[in-house]
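Please read the structure below before turning to the comments.
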Amino acid sequence: MTCTLPITQAASGGLPDQTTFRRRLTGLTCNDPSRSFGGVTLYAPQTAGGLVKLIDEEGREVHRWQLPVRPGRHAVLLANGNLGYNGSCQEGPVLYPIWPLWRGGDFMEVAPDGEIVRRHVDPAHHHDAQWLANGDILYTAAHPLPEEVVRRLGGAPGARVYGDVVKQVNRDGETVWEWKSWEHLRPEDFPTQPVFDLQHWPMINGLWDARDGLVLMSLRTTSGVIAVRRDTGAVAWVIGQDVLAQQHTPVELESGNVLVFDNGTMRPGVSSHFSRVVEVDPATNAIVWEYRDPNAPSFFSPYMGGAQRLANGNTFVTESSTGRLFEVTPAGEVVWEFIIPEFGPYPEPGMERMIGGNHNSVFRACRYAREDVSWL
């Protein structure tokens, strides 16, 4: 195993760098080629103005894109070799104060040479989007909740609260499937947790197009993952807040189990916050595999986050708020780690009051086998 040494980073004017995380190691910090999956890693920093980078197992840049808007969330590589980019839409109203932070809605398919070959715009989109194998895009959008649902959630008369609509659009931008949260979820069964303002319910921050006609949805403000039947819209199963806490990124594995980034921002009965990655059997809600740092608070992202099971059995993790990308073995040993070196402030007006400072955060990064990126 090799680990890099710190690189001195000086701020202008001779003062020490005032961005705490940037004073620490950045770039490749750990690599065990004999046990790591290797391959290439794709990431789109939230505050780097539309930069998307592809790096190799040594942390070296092998390709980059420069897009016209910053990412609303993340980017992926498509089967045809193009980039699927979830850009931050500059159109549409600000639905509530922190809305600009996580709205997306400017979807672009981009060739390796940077040409935008397809674009779909929906200013109501937020958080996750899945680029499906048939070319469709599955994503979440925010729409005002009916007044009666707001009342059942405990909202004041006349309060504007947003609910989630999951949409699937084809290459022509036509909606081919739609699911409205308030038509299938009872507020009494999915109450907003006390740590969240009643602005957005249940805030679906993660999607997965699963087998057997199911769509997995991560519910941020109520905590939990549900599986929805495409044909009826009914909920097939629930992994609830007794297992998960403000989680992201549900991923169905070949076994039928579900891999989840469990943020743990407000984990019941726990005084020290920590994140973990869990593999859950949805038939029993039993956790069958878990990764947490041996010093639990050392791994913590209060928002965003992702996990990906690799072909060699390892798990690739995105600790989003710190820009930390790492790979662990089934035994929980870290065999690769990279700290995103691109830092910057969120550019939207007013964000400095809510999430000030310089950030290297990323919604989600993705790992690919070298042979799956034939154009490199």
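To be explicit about the labels: the chains of the structure tokens are called A, B, and onward in the order shown, and within each one the residues are counted from 1, while ligands get numbers from 1 in the order they are shown.
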Just want the 6 Å neighbourhood of region 308-316 of chain A, counted on only C-alpha atoms, with same-chain residues fewer than 5 positions away dropped. Output as a VMD selection string. chain A and resid 326 to 330
Could you pull the residues within 9 Å of region 221-234 of chain A, counting only C-alpha atoms, minus those fewer than 4 positions along the same chain, as a PyMOL selection string? chain A and resi 177-180+183-185+190-198+200-204+206+210+212-217+238-248+250+260
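If you measure from each of A:Gln130, A:Ser181, A:Ser34, A:Gln199 to Ile98 (chain A) using only C-alpha atoms, the closest one turns out to be A:Gln199.
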Distance table requested - region 247-362 of chain A against region 15-22 of chain A, cut-off 10 Å, only C-alpha atoms: one row per qualifying residue with the closest atom pair and its distance in Å to one decimal, ordered by chain and rising residue number, as CSV.
residue,atom,partner,partner_atom,distance
A:Thr322,CA,A:Phe21,CA,7.4
A:Gly323,CA,A:Phe21,CA,9.2
A:Ile339,CA,A:Arg22,CA,9.3
A:Ile340,CA,A:Arg22,CA,9.3
A:Pro341,CA,A:Arg22,CA,7.4
A:Glu342,CA,A:Arg22,CA,9.0
A:Phe343,CA,A:Arg22,CA,7.7
A:Gly344,CA,A:Thr19,CA,9.7
A:Gly357,CA,A:Thr19,CA,7.4
A:Asn358,CA,A:Thr19,CA,6.4
A:His359,CA,A:Thr19,CA,8.4
A:Asn360,CA,A:Arg22,CA,8.6
For Val161 (chain A), the nearest of the candidates A:Gly173, A:Gly350, A:Pro146, A:Gly104, counting only C-alpha atoms: A:Pro146
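The nearest approach to Leu219 (chain A) among the residues A:Lys167, A:Arg370, A:His127, A:Arg276, with only C-alpha atoms taken into account, belongs to A:His127.
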Could you check which of A:Val280, A:Val373, A:Ala141, A:Val362 is closest to His125 (chain A), using only C-alpha atoms? A:Ala141
